[in-house]
file protein-v1.csv (CSV, C-alpha atoms)
chain,number,residue,atom,x,y,z
A,1,MET,CA,-27.8,156.4,-18.4
A,2,ASN,CA,-27.5,160.2,-18.5
A,3,THR,CA,-30.9,160.7,-20.1
A,4,PRO,CA,-31.3,164.4,-21.0
A,5,ARG,CA,-33.9,165.3,-18.5
A,6,ALA,CA,-35.5,162.9,-16.0
A,7,LEU,CA,-37.9,163.4,-13.2
A,8,HIS,CA,-37.7,160.6,-10.7
A,9,CYS,CA,-41.1,159.9,-9.1
A,10,GLN,CA,-41.4,157.5,-6.2
A,11,PHE,CA,-44.9,156.3,-7.1
A,12,PRO,CA,-46.3,152.8,-7.2
A,13,LEU,CA,-45.2,150.9,-10.3
A,14,GLY,CA,-47.9,151.2,-13.0
A,15,ARG,CA,-48.7,154.8,-12.0
A,16,PRO,CA,-46.0,157.1,-13.5
A,17,LEU,CA,-48.3,160.1,-13.2
A,18,GLY,CA,-49.1,159.2,-9.6
A,19,ARG,CA,-52.9,159.2,-9.0
A,20,PRO,CA,-55.6,158.0,-11.4
A,21,GLN,CA,-58.7,160.2,-11.7
A,22,ASP,CA,-56.7,163.1,-10.2
A,23,PRO,CA,-56.0,165.5,-13.0
A,24,ASP,CA,-54.6,168.2,-10.7
A,25,PHE,CA,-52.0,165.8,-9.3
A,26,GLN,CA,-51.1,164.6,-12.8
A,27,HIS,CA,-50.8,168.2,-14.0
A,28,ALA,CA,-48.5,168.9,-11.1
A,29,VAL,CA,-46.2,166.0,-12.1
A,30,LEU,CA,-46.3,167.1,-15.7
A,31,ALA,CA,-45.4,170.7,-14.7
A,32,ALA,CA,-42.4,169.5,-12.7
A,33,GLY,CA,-41.2,167.4,-15.6
A,34,LEU,CA,-41.8,170.0,-18.3
A,35,ALA,CA,-40.0,172.6,-16.1
A,36,LEU,CA,-36.8,170.6,-16.6
A,37,LEU,CA,-36.8,171.8,-20.2
A,38,GLN,CA,-35.7,175.2,-19.0
A,39,ARG,CA,-32.4,173.8,-17.8
A,40,ALA,CA,-29.6,174.9,-20.1
A,41,GLU,CA,-27.2,172.2,-19.2
A,42,GLY,CA,-27.7,168.5,-18.7
A,43,PRO,CA,-28.1,165.7,-18.0
A,44,VAL,CA,-30.7,166.6,-15.4
A,45,LEU,CA,-32.1,164.2,-12.8
A,46,GLU,CA,-34.4,165.5,-10.2
A,47,ASP,CA,-36.7,163.9,-7.6
A,48,TYR,CA,-40.4,164.8,-7.5
A,49,PRO,CA,-40.9,166.1,-3.9
A,50,GLU,CA,-44.0,164.0,-3.1
A,51,THR,CA,-43.9,160.2,-2.6
A,52,ILE,CA,-46.8,157.8,-2.9
A,53,GLU,CA,-46.4,154.7,-0.8
A,54,SER,CA,-48.1,151.5,-1.7
A,55,ALA,CA,-47.4,149.1,1.1
A,56,GLY,CA,-50.3,148.0,3.4
A,57,GLU,CA,-53.3,148.9,1.2
A,58,ALA,CA,-56.3,146.7,1.8
A,59,PRO,CA,-57.9,144.8,-1.1
A,60,LEU,CA,-60.6,146.4,-3.1
A,61,ALA,CA,-63.9,146.6,-1.2
A,62,CYS,CA,-65.7,144.8,-4.0
A,63,PRO,CA,-68.7,142.6,-3.6
A,64,LEU,CA,-68.6,139.1,-5.0
A,65,PRO,CA,-71.7,137.3,-6.2
A,66,PRO,CA,-73.2,134.4,-4.1
A,67,ARG,CA,-72.8,130.9,-5.4
A,68,TYR,CA,-75.2,130.1,-8.2
A,69,ASP,CA,-74.4,126.7,-9.7
A,70,PRO,CA,-73.1,124.2,-7.1
A,71,ASN,CA,-72.1,121.8,-9.9
A,72,LEU,CA,-69.4,124.2,-11.0
A,73,HIS,CA,-66.1,124.8,-9.3
A,74,PRO,CA,-66.4,128.1,-7.3
A,75,ALA,CA,-63.9,129.9,-9.5
A,76,VAL,CA,-65.8,129.0,-12.7
A,77,ASP,CA,-69.2,129.9,-11.1
A,78,GLU,CA,-67.7,133.2,-9.9
A,79,VAL,CA,-66.2,134.3,-13.3
A,80,GLN,CA,-69.5,133.6,-15.1
A,81,ALA,CA,-71.5,135.5,-12.5
A,82,LEU,CA,-69.2,138.5,-12.9
A,83,ARG,CA,-69.7,138.8,-16.7
A,84,GLY,CA,-72.3,141.5,-16.4
A,85,ALA,CA,-70.0,143.6,-14.3
A,86,TYR,CA,-67.2,143.2,-16.8
A,87,ASP,CA,-69.5,144.2,-19.7
A,88,ARG,CA,-70.6,147.3,-17.8
A,89,ALA,CA,-67.0,148.2,-17.2
A,90,VAL,CA,-66.1,147.9,-20.8
A,91,GLU,CA,-69.2,149.8,-21.9
A,92,ARG,CA,-68.4,152.7,-19.5
A,93,THR,CA,-64.7,153.0,-20.3
A,94,GLY,CA,-64.8,152.0,-23.9
A,95,ARG,CA,-61.7,149.8,-23.5
A,96,THR,CA,-60.3,146.6,-22.1
A,97,SER,CA,-56.9,144.9,-21.8
A,98,VAL,CA,-58.5,141.5,-22.0
A,99,GLY,CA,-57.9,139.6,-25.2
A,100,ARG,CA,-54.3,138.7,-25.4
A,101,VAL,CA,-55.2,135.0,-25.8
A,102,VAL,CA,-58.7,134.8,-24.5
A,103,GLY,CA,-61.7,137.1,-24.6
A,104,PRO,CA,-64.6,137.4,-22.2
A,105,ASP,CA,-66.6,134.6,-23.9
A,106,GLY,CA,-63.8,132.1,-23.2
A,107,MET,CA,-63.1,133.2,-19.7
A,108,ALA,CA,-65.0,130.4,-17.9
A,109,ASP,CA,-63.1,127.8,-19.9
A,110,ALA,CA,-59.8,129.5,-19.2
A,111,VAL,CA,-60.5,129.6,-15.4
A,112,ALA,CA,-61.6,125.9,-15.6
A,113,ALA,CA,-58.2,125.1,-17.1
A,114,ILE,CA,-56.4,127.0,-14.3
A,115,VAL,CA,-58.4,125.0,-11.8
A,116,LYS,CA,-57.4,121.7,-13.5
A,117,ILE,CA,-53.7,122.7,-13.2
A,118,SER,CA,-54.2,123.6,-9.6
A,119,GLU,CA,-55.6,120.1,-9.1
A,120,GLY,CA,-52.7,118.4,-10.7
A,121,SER,CA,-53.1,118.4,-14.5
A,122,ALA,CA,-50.0,119.3,-16.5
A,123,TRP,CA,-50.1,122.9,-17.6
A,124,ASN,CA,-49.8,122.0,-21.3
A,125,ASP,CA,-52.6,119.5,-21.1
A,126,ALA,CA,-55.2,121.4,-19.2
A,127,GLY,CA,-56.8,123.2,-22.1
A,128,LEU,CA,-55.4,126.7,-21.6
A,129,PRO,CA,-56.1,129.1,-24.5
A,130,GLY,CA,-52.5,130.2,-24.6
A,131,ASP,CA,-49.4,130.0,-22.3
A,132,PRO,CA,-50.1,130.4,-18.6
A,133,ILE,CA,-48.7,133.9,-18.4
A,134,GLN,CA,-50.8,135.3,-21.2
A,135,THR,CA,-53.9,133.4,-19.9
A,136,VAL,CA,-53.5,134.8,-16.4
A,137,HIS,CA,-52.9,138.3,-17.8
A,138,ASP,CA,-56.4,138.1,-19.4
A,139,ILE,CA,-58.1,136.6,-16.4
A,140,ARG,CA,-56.5,139.2,-14.1
A,141,SER,CA,-57.4,142.1,-16.4
A,142,TYR,CA,-61.0,140.8,-16.6
A,143,TYR,CA,-61.3,140.8,-12.8
A,144,GLU,CA,-59.4,144.0,-12.2
A,145,GLU,CA,-61.4,146.0,-14.7
A,146,LEU,CA,-64.7,144.8,-13.3
A,147,GLY,CA,-63.4,145.2,-9.8
A,148,VAL,CA,-62.6,148.9,-10.4
A,149,GLU,CA,-66.1,149.3,-11.9
A,150,LEU,CA,-67.8,147.7,-8.8
A,151,SER,CA,-65.8,149.6,-6.2
A,152,ASP,CA,-66.1,153.2,-5.2
A,153,GLY,CA,-63.6,155.8,-6.2
A,154,PRO,CA,-60.2,155.4,-7.8
A,155,PRO,CA,-58.5,152.2,-6.8
A,156,ALA,CA,-55.7,152.4,-4.2
A,157,PRO,CA,-52.3,151.1,-5.4
A,158,TRP,CA,-52.2,147.3,-5.6
A,159,ALA,CA,-55.7,147.0,-4.0
A,160,ALA,CA,-57.1,145.4,-7.2
A,161,GLU,CA,-54.2,143.0,-7.4
A,162,ARG,CA,-54.7,142.0,-3.7
A,163,TRP,CA,-58.4,141.6,-4.3
A,164,PHE,CA,-57.9,139.4,-7.3
A,165,TYR,CA,-55.2,137.1,-6.0
A,166,ASP,CA,-56.3,136.9,-2.3
A,167,VAL,CA,-60.1,137.3,-2.3
A,168,THR,CA,-61.5,136.0,-5.5
A,169,GLU,CA,-61.8,132.3,-6.2
A,170,ALA,CA,-60.2,132.7,-9.6
A,171,GLY,CA,-57.2,134.5,-8.3
A,172,ARG,CA,-56.8,131.9,-5.5
A,173,ALA,CA,-57.0,129.2,-8.2
A,174,VAL,CA,-54.2,131.0,-10.1
A,175,ILE,CA,-52.0,131.0,-7.0
A,176,ALA,CA,-52.7,127.3,-6.4
A,177,ALA,CA,-52.0,126.5,-10.1
A,178,ARG,CA,-48.7,128.5,-9.9
A,179,ARG,CA,-47.6,126.5,-6.9
A,180,ALA,CA,-48.6,123.2,-8.6
A,181,MET,CA,-46.6,124.1,-11.7
A,182,LYS,CA,-43.6,125.1,-9.6
A,183,ASP,CA,-43.8,121.8,-7.7
A,184,ALA,CA,-44.1,119.9,-11.0
A,185,LYS,CA,-40.9,121.7,-12.2
A,186,ALA,CA,-42.6,123.4,-15.1
A,187,PRO,CA,-40.4,126.0,-16.9
A,188,PHE,CA,-39.6,128.8,-14.5
A,189,PRO,CA,-40.9,131.8,-16.4
A,190,LEU,CA,-44.2,130.1,-17.2
A,191,TRP,CA,-45.2,129.8,-13.5
A,192,PHE,CA,-43.3,132.6,-12.0
A,193,TYR,CA,-44.9,135.3,-14.1
A,194,MET,CA,-48.4,134.2,-13.3
A,195,ALA,CA,-48.3,136.6,-10.4
A,196,PRO,CA,-46.1,139.5,-9.2
A,197,GLY,CA,-42.7,138.4,-8.2
A,198,GLY,CA,-43.2,139.6,-4.6
A,199,ARG,CA,-45.6,136.7,-4.2
A,200,THR,CA,-43.7,133.7,-3.0
B,1,MET,CA,-56.5,136.4,4.4
B,2,THR,CA,-54.2,133.8,2.9
B,3,ASP,CA,-50.6,133.0,3.5
B,4,THR,CA,-49.8,135.2,0.6
B,5,MET,CA,-50.9,138.4,2.4
B,6,THR,CA,-47.5,139.1,3.8
B,7,ASP,CA,-45.3,142.1,4.0
B,8,THR,CA,-43.2,140.5,1.3
B,9,MET,CA,-46.1,140.8,-1.1
B,10,THR,CA,-47.1,144.3,-0.2
B,11,ASP,CA,-43.5,145.4,-0.8
B,12,ASN,CA,-43.6,144.4,-4.4
B,13,ASP,CA,-42.7,147.9,-5.4
B,14,ALA,CA,-39.7,147.8,-3.1
B,15,ALA,CA,-38.6,144.4,-4.5
B,16,MET,CA,-38.8,145.7,-8.0
B,17,ARG,CA,-36.9,148.9,-7.2
B,18,GLN,CA,-34.1,146.7,-5.7
B,19,HIS,CA,-34.1,144.5,-8.8
B,20,ALA,CA,-34.0,147.5,-11.1
B,21,ALA,CA,-31.1,149.0,-9.1
B,22,SER,CA,-29.0,145.9,-9.8
B,23,THR,CA,-29.8,145.9,-13.5
B,24,PRO,CA,-26.9,147.0,-15.6
B,25,VAL,CA,-27.5,149.9,-17.9
B,26,PRO,CA,-25.5,151.2,-20.8
B,27,GLU,CA,-23.3,154.3,-20.2
B,28,PHE,CA,-23.1,157.0,-22.8
B,29,ASP,CA,-20.1,159.3,-23.1
B,30,ASP,CA,-21.9,161.9,-25.2
B,31,PRO,CA,-25.7,161.9,-24.3
B,32,ALA,CA,-28.0,163.9,-26.4
B,33,PHE,CA,-29.1,167.2,-24.9
B,34,THR,CA,-30.7,170.1,-26.7
B,35,LEU,CA,-32.6,173.3,-25.8
B,36,PRO,CA,-36.1,173.2,-27.3
B,37,LYS,CA,-38.1,176.1,-28.4
B,38,PRO,CA,-40.3,177.8,-25.7
B,39,LEU,CA,-42.8,175.3,-24.4
B,40,ALA,CA,-45.7,177.5,-25.3
B,41,GLN,CA,-44.7,177.1,-28.9
B,42,ALA,CA,-43.6,173.4,-28.7
B,43,LYS,CA,-45.4,170.4,-30.2
B,44,VAL,CA,-45.4,167.6,-27.6
B,45,ALA,CA,-45.6,163.8,-28.2
B,46,ILE,CA,-45.8,161.0,-25.7
B,47,VAL,CA,-43.5,158.0,-25.9
B,48,THR,CA,-44.5,155.3,-23.5
B,49,SER,CA,-42.8,152.0,-22.6
B,50,ALA,CA,-46.0,150.6,-21.2
B,51,ALA,CA,-46.7,148.5,-24.4
B,52,ILE,CA,-50.0,150.2,-25.1
B,53,HIS,CA,-51.8,149.4,-28.3
B,54,VAL,CA,-55.2,150.0,-29.8
B,55,ALA,CA,-57.9,147.4,-29.7
B,56,GLY,CA,-57.5,144.8,-32.4
B,57,ASP,CA,-53.8,145.3,-32.8
B,58,THR,CA,-51.4,142.6,-31.8
B,59,GLY,CA,-49.1,143.1,-28.8
B,60,TRP,CA,-45.4,142.5,-28.3
B,61,ALA,CA,-43.3,139.3,-28.1
B,62,PRO,CA,-42.7,138.3,-24.4
B,63,ASN,CA,-39.2,139.7,-24.2
B,64,ALA,CA,-36.8,142.1,-25.8
B,65,ASP,CA,-39.2,143.1,-28.6
B,66,PRO,CA,-38.0,146.4,-29.8
B,67,HIS,CA,-40.8,147.4,-32.2
B,68,PHE,CA,-43.1,150.3,-31.6
B,69,LYS,CA,-46.8,151.1,-32.2
B,70,VAL,CA,-48.0,154.4,-33.5
B,71,LEU,CA,-50.9,155.7,-31.5
B,72,ASP,CA,-53.2,158.1,-33.2
B,73,ASP,CA,-53.7,161.1,-30.8
B,74,ARG,CA,-57.5,160.5,-30.9
B,75,ALA,CA,-57.3,156.8,-29.9
B,76,ARG,CA,-58.7,156.0,-26.5
B,77,ASP,CA,-59.6,152.3,-27.0
B,78,LEU,CA,-56.3,151.2,-25.6
B,79,HIS,CA,-54.9,148.0,-24.2
B,80,LEU,CA,-52.1,147.8,-21.7
B,81,SER,CA,-50.3,144.7,-22.8
B,82,HIS,CA,-46.9,144.9,-21.1
B,83,PHE,CA,-45.7,141.4,-20.3
B,84,SER,CA,-44.7,142.0,-16.7
B,85,PRO,CA,-47.2,141.2,-13.9
B,86,ASN,CA,-45.1,143.3,-11.5
B,87,PHE,CA,-46.9,146.6,-11.6
B,88,ASP,CA,-50.3,147.8,-10.6
B,89,ARG,CA,-52.6,147.8,-13.6
B,90,SER,CA,-55.7,149.1,-12.0
B,91,GLY,CA,-54.6,152.7,-12.4
B,92,PHE,CA,-54.6,152.4,-16.1
B,93,HIS,CA,-57.9,150.5,-16.0
B,94,SER,CA,-59.3,153.5,-14.0
B,95,ASP,CA,-57.7,156.3,-15.9
B,96,ILE,CA,-55.4,156.0,-18.9
B,97,ASN,CA,-53.8,159.3,-18.1
B,98,VAL,CA,-52.0,157.9,-15.1
B,99,VAL,CA,-49.8,156.1,-17.7
B,100,TYR,CA,-50.6,157.8,-21.0
B,101,PRO,CA,-51.4,161.5,-20.2
B,102,VAL,CA,-52.9,162.3,-23.6
B,103,ASP,CA,-55.9,164.2,-22.2
B,104,ARG,CA,-53.7,166.1,-19.8
B,105,LEU,CA,-51.6,167.3,-22.8
B,106,HIS,CA,-54.6,168.5,-24.6
B,107,GLU,CA,-55.6,170.5,-21.5
B,108,LEU,CA,-52.1,172.0,-21.4
B,109,ALA,CA,-52.5,173.0,-25.1
B,110,ASP,CA,-55.9,174.5,-24.4
B,111,ARG,CA,-54.3,176.6,-21.6
B,112,GLY,CA,-51.4,177.7,-23.8
B,113,VAL,CA,-48.8,176.0,-21.6
B,114,ILE,CA,-47.7,173.9,-24.6
B,115,GLY,CA,-48.0,174.9,-28.2
B,116,SER,CA,-49.8,171.8,-29.5
B,117,VAL,CA,-50.2,168.0,-29.1
B,118,ALA,CA,-48.6,165.8,-31.8
B,119,PRO,CA,-51.0,163.9,-34.1
B,120,ARG,CA,-49.2,160.6,-33.3
B,121,HIS,CA,-47.7,159.1,-30.1
B,122,TYR,CA,-45.5,156.0,-29.7
B,123,ALA,CA,-45.6,152.9,-27.5
B,124,PHE,CA,-42.7,150.6,-26.9
B,125,ALA,CA,-42.4,147.6,-24.6
B,126,GLY,CA,-40.2,148.4,-21.6
B,127,ASN,CA,-38.9,144.8,-21.1
B,128,GLN,CA,-35.8,144.9,-23.2
B,129,ASP,CA,-32.3,143.4,-23.0
B,130,ASP,CA,-29.7,145.2,-20.8
B,131,THR,CA,-28.2,147.1,-23.8
B,132,VAL,CA,-31.5,148.3,-25.2
B,133,SER,CA,-29.7,148.1,-28.5
B,134,GLY,CA,-32.7,147.2,-30.6
B,135,ILE,CA,-34.4,150.4,-29.7
B,136,ARG,CA,-31.3,152.5,-29.6
B,137,LEU,CA,-30.1,151.5,-33.0
B,138,ASP,CA,-33.2,150.6,-34.9
B,139,SER,CA,-36.7,151.2,-33.8
B,140,GLY,CA,-35.9,154.3,-31.7
B,141,PRO,CA,-34.5,156.2,-34.7
B,142,SER,CA,-37.4,155.1,-36.8
B,143,ALA,CA,-39.9,156.5,-34.3
B,144,ALA,CA,-37.8,159.7,-34.1
B,145,LYS,CA,-38.0,160.1,-37.8
B,146,LEU,CA,-41.8,160.0,-37.7
B,147,MET,CA,-41.8,162.5,-34.9
B,148,LEU,CA,-39.6,164.8,-36.9
B,149,GLU,CA,-42.0,164.5,-39.8
B,150,ASP,CA,-44.8,165.6,-37.5
B,151,GLY,CA,-42.7,168.6,-36.3
B,152,VAL,CA,-42.5,167.3,-32.7
B,153,ASP,CA,-40.3,169.5,-30.5
B,154,VAL,CA,-40.6,167.8,-27.1
B,155,VAL,CA,-41.1,164.2,-26.1
B,156,LEU,CA,-42.7,163.1,-22.8
B,157,LEU,CA,-41.4,159.6,-21.9
B,158,THR,CA,-43.6,157.6,-19.5
B,159,PRO,CA,-42.6,154.2,-18.0
B,160,VAL,CA,-45.0,151.8,-16.3
call {"tool": "encode", "arguments": {"input": "protein-v1.csv", "output": "structure tokens"}}
result
Amino acid sequence: MNTPRALHCQFPLGRPLGRPQDPDFQHAVLAAGLALLQRAEGPVLEDYPETIESAGEAPLACPLPPRYDPNLHPAVDEVQALRGAYDRAVERTGRTSVGRVVGPDGMADAVAAIVKISEGSAWNDAGLPGDPIQTVHDIRSYYEELGVELSDGPPAPWAAERWFYDVTEAGRAVIAARRAMKDAKAPFPLWFYMAPGGRT
Amino acid sequence: MTDTMTDTMTDNDAAMRQHAASTPVPEFDDPAFTLPKPLAQAKVAIVTSAAIHVAGDTGWAPNADPHFKVLDDRARDLHLSHFSPNFDRSGFHSDINVVYPVDRLHELADRGVIGSVAPRHYAFAGNQDDTVSGIRLDSGPSAAKLMLEDGVDVVLLTPV
């Protein structure tokens, strides 16, 4: 594309400045990018000398609450039990990416709808608060924000995603619902974008 | 562990790089290139394609939505609403500066490395059509006009 000045950084997607909670690292990346302004001729494309790999990171080491209400599906029980942690996360950071189609008060019902889809209900008859992609965005954001709050230190790349989809009951329900929608020949984008494309 | 904990999943970044490498991009015969004033005198703005907006604002349409949001430099109650699930979001949850380095810019201004930080920054959604024509021909120039009004000299573009 011949952008005027570009610094190519091989960092995990979602982390263009490299490392969260590491101002020194971020400043080093910024310095390298701003240094390109001194080039008198362009276009300029340079590689940042340090690479951050993301493959092989373990899921967040994040405790999950014990079962509380045996009359609820485990995923619904879990999301309700984690509300306090989510609220603390929002209070501490002052922000949340939850709310595209459902807020924290509707999260249990949203997860219940995902469970229904995983158990065979049609996606458009399960009571989702919005389309599946937007709903899962909110559920995943709810979990990842509280997961970051509950774990120690800055999260490793993709560790929160792995924790959500592979460890939590809600994330596992999303994967099961995604498979069910695929098998029922739901429109491709609606099930595919419920999880990263690398998940088959 | 489930059957989804495979090397295929953990290489999501590699899969996305491969996908991006095969995406056609427009070619420009005469790309813009200028020499800005010295950085220590320059006013710097952030333009991000991470689809960030302030709490209470609406987001973007699912695909090829070229509009932009104006982010007040003081805003920190920010949502990351990019449509794609194919990137790690926990970095932003943990520290907005890993995507939107607004506090880092203020530190650079305090140190005299840059002249000042712009009063407004801009967010677009990075999932556009292959020609990016909506942004190139319409919303991009509109955002640039606002930046010129603010006296912006340098733009820091961050993807997600």
call {"tool": "interface_residues", "arguments": {"input": "protein-v1.csv", "of": "chain B", "to": "chain A", "cutoff": "7 Å", "atoms": "all atoms listed in the file", "output": "ChimeraX atom specification"}}
result
/B:1-2,4,8-13,15,25-28,31-33,35,77-81,85-91,93-95,98-99,104,158-160
call {"tool": "atom_distance", "arguments": {"input": "protein-v1.csv", "atom1": "atom CA of B:Ala55", "atom2": "atom CA of B:Leu156"}}
result
22.9 Å
call {"tool": "atom_distance", "arguments": {"input": "protein-v1.csv", "atom1": "atom CA of B:Ala40", "atom2": "atom CA of A:Thr51"}}
result
28.6 Å
call {"tool": "closest_residue", "arguments": {"input": "protein-v1.csv", "among": "A:Pro189, A:Pro66, A:Asn124, A:Ala85", "to": "B:Ser84", "atoms": "all atoms listed in the file"}}
result
A:Pro189
call {"tool": "closest_residue", "arguments": {"input": "protein-v1.csv", "among": "B:Ser116, B:Ser139, B:Thr23, B:Thr34", "to": "B:Val70", "atoms": "only C-alpha atoms"}}
result
B:Ser139
call {"tool": "closest_residue", "arguments": {"input": "protein-v1.csv", "among": "B:Gly151, B:Pro101, B:Pro141, B:Gly59", "to": "B:Ala118", "atoms": "only C-alpha atoms"}}
result
B:Gly151
call {"tool": "atom_distance", "arguments": {"input": "protein-v1.csv", "atom1": "atom CA of B:Lys145", "atom2": "atom CA of B:Pro36"}}
result
16.9 Å
call {"tool": "decode", "arguments": {"input": "protein-v1.csv", "residues": "stretch 174-194 of chain A", "atoms": "N, CA and C atoms", "output": "PDB file, in the first residue's frame"}}
result
ATOM      1  N   VAL A 174     -20.601 -22.022  24.504  1.00  0.00           N
ATOM      2  CA  VAL A 174     -20.523 -21.273  23.239  1.00  0.00           C
ATOM      3  C   VAL A 174     -19.959 -22.167  22.134  1.00  0.00           C
ATOM      4  N   ILE A 175     -18.910 -22.916  22.433  1.00  0.00           N
ATOM      5  CA  ILE A 175     -18.325 -23.803  21.426  1.00  0.00           C
ATOM      6  C   ILE A 175     -19.336 -24.864  21.010  1.00  0.00           C
ATOM      7  N   ALA A 176     -20.060 -25.409  21.979  1.00  0.00           N
ATOM      8  CA  ALA A 176     -21.064 -26.423  21.664  1.00  0.00           C
ATOM      9  C   ALA A 176     -22.194 -25.825  20.830  1.00  0.00           C
ATOM     10  N   ALA A 177     -22.607 -24.600  21.160  1.00  0.00           N
ATOM     11  CA  ALA A 177     -23.664 -23.945  20.384  1.00  0.00           C
ATOM     12  C   ALA A 177     -23.180 -23.666  18.971  1.00  0.00           C
ATOM     13  N   ARG A 178     -21.940 -23.268  18.866  1.00  0.00           N
ATOM     14  CA  ARG A 178     -21.354 -23.006  17.537  1.00  0.00           C
ATOM     15  C   ARG A 178     -21.380 -24.265  16.677  1.00  0.00           C
ATOM     16  N   ARG A 179     -21.009 -25.367  17.270  1.00  0.00           N
ATOM     17  CA  ARG A 179     -21.030 -26.638  16.529  1.00  0.00           C
ATOM     18  C   ARG A 179     -22.464 -26.990  16.129  1.00  0.00           C
ATOM     19  N   ALA A 180     -23.394 -26.784  17.053  1.00  0.00           N
ATOM     20  CA  ALA A 180     -24.786 -27.124  16.761  1.00  0.00           C
ATOM     21  C   ALA A 180     -25.332 -26.267  15.622  1.00  0.00           C
ATOM     22  N   MET A 181     -24.970 -24.993  15.617  1.00  0.00           N
ATOM     23  CA  MET A 181     -25.431 -24.108  14.555  1.00  0.00           C
ATOM     24  C   MET A 181     -24.812 -24.508  13.210  1.00  0.00           C
ATOM     25  N   LYS A 182     -23.551 -24.869  13.258  1.00  0.00           N
ATOM     26  CA  LYS A 182     -22.891 -25.306  12.018  1.00  0.00           C
ATOM     27  C   LYS A 182     -23.580 -26.559  11.477  1.00  0.00           C
ATOM     28  N   ASP A 183     -23.851 -27.508  12.375  1.00  0.00           N
ATOM     29  CA  ASP A 183     -24.485 -28.752  11.953  1.00  0.00           C
ATOM     30  C   ASP A 183     -25.897 -28.522  11.436  1.00  0.00           C
ATOM     31  N   ALA A 184     -26.566 -27.497  11.986  1.00  0.00           N
ATOM     32  CA  ALA A 184     -27.932 -27.191  11.556  1.00  0.00           C
ATOM     33  C   ALA A 184     -27.944 -26.274  10.337  1.00  0.00           C
ATOM     34  N   LYS A 185     -26.751 -26.021   9.793  1.00  0.00           N
ATOM     35  CA  LYS A 185     -26.605 -25.190   8.591  1.00  0.00           C
ATOM     36  C   LYS A 185     -27.153 -23.774   8.800  1.00  0.00           C
ATOM     37  N   ALA A 186     -26.878 -23.229   9.959  1.00  0.00           N
ATOM     38  CA  ALA A 186     -27.170 -21.816  10.189  1.00  0.00           C
ATOM     39  C   ALA A 186     -26.256 -20.996   9.278  1.00  0.00           C
ATOM     40  N   PRO A 187     -26.639 -19.743   8.986  1.00  0.00           N
ATOM     41  CA  PRO A 187     -25.786 -18.908   8.130  1.00  0.00           C
ATOM     42  C   PRO A 187     -24.350 -18.870   8.641  1.00  0.00           C
ATOM     43  N   PHE A 188     -23.403 -19.079   7.721  1.00  0.00           N
ATOM     44  CA  PHE A 188     -21.985 -19.216   8.078  1.00  0.00           C
ATOM     45  C   PHE A 188     -21.474 -18.129   9.008  1.00  0.00           C
ATOM     46  N   PRO A 189     -21.620 -16.836   8.688  1.00  0.00           N
ATOM     47  CA  PRO A 189     -20.986 -15.846   9.571  1.00  0.00           C
ATOM     48  C   PRO A 189     -21.501 -15.929  11.012  1.00  0.00           C
ATOM     49  N   LEU A 190     -22.779 -16.268  11.161  1.00  0.00           N
ATOM     50  CA  LEU A 190     -23.383 -16.205  12.488  1.00  0.00           C
ATOM     51  C   LEU A 190     -22.785 -17.222  13.442  1.00  0.00           C
ATOM     52  N   TRP A 191     -22.368 -18.405  12.940  1.00  0.00           N
ATOM     53  CA  TRP A 191     -21.738 -19.351  13.857  1.00  0.00           C
ATOM     54  C   TRP A 191     -20.220 -19.217  13.821  1.00  0.00           C
ATOM     55  N   PHE A 192     -19.671 -18.921  12.662  1.00  0.00           N
ATOM     56  CA  PHE A 192     -18.216 -18.894  12.529  1.00  0.00           C
ATOM     57  C   PHE A 192     -17.585 -17.851  13.437  1.00  0.00           C
ATOM     58  N   TYR A 193     -18.194 -16.677  13.506  1.00  0.00           N
ATOM     59  CA  TYR A 193     -17.600 -15.578  14.261  1.00  0.00           C
ATOM     60  C   TYR A 193     -17.967 -15.591  15.743  1.00  0.00           C
ATOM     61  N   MET A 194     -18.486 -16.699  16.212  1.00  0.00           N
ATOM     62  CA  MET A 194     -18.713 -16.849  17.654  1.00  0.00           C
ATOM     63  C   MET A 194     -17.405 -17.175  18.376  1.00  0.00           C
TER      64      MET A 194
END
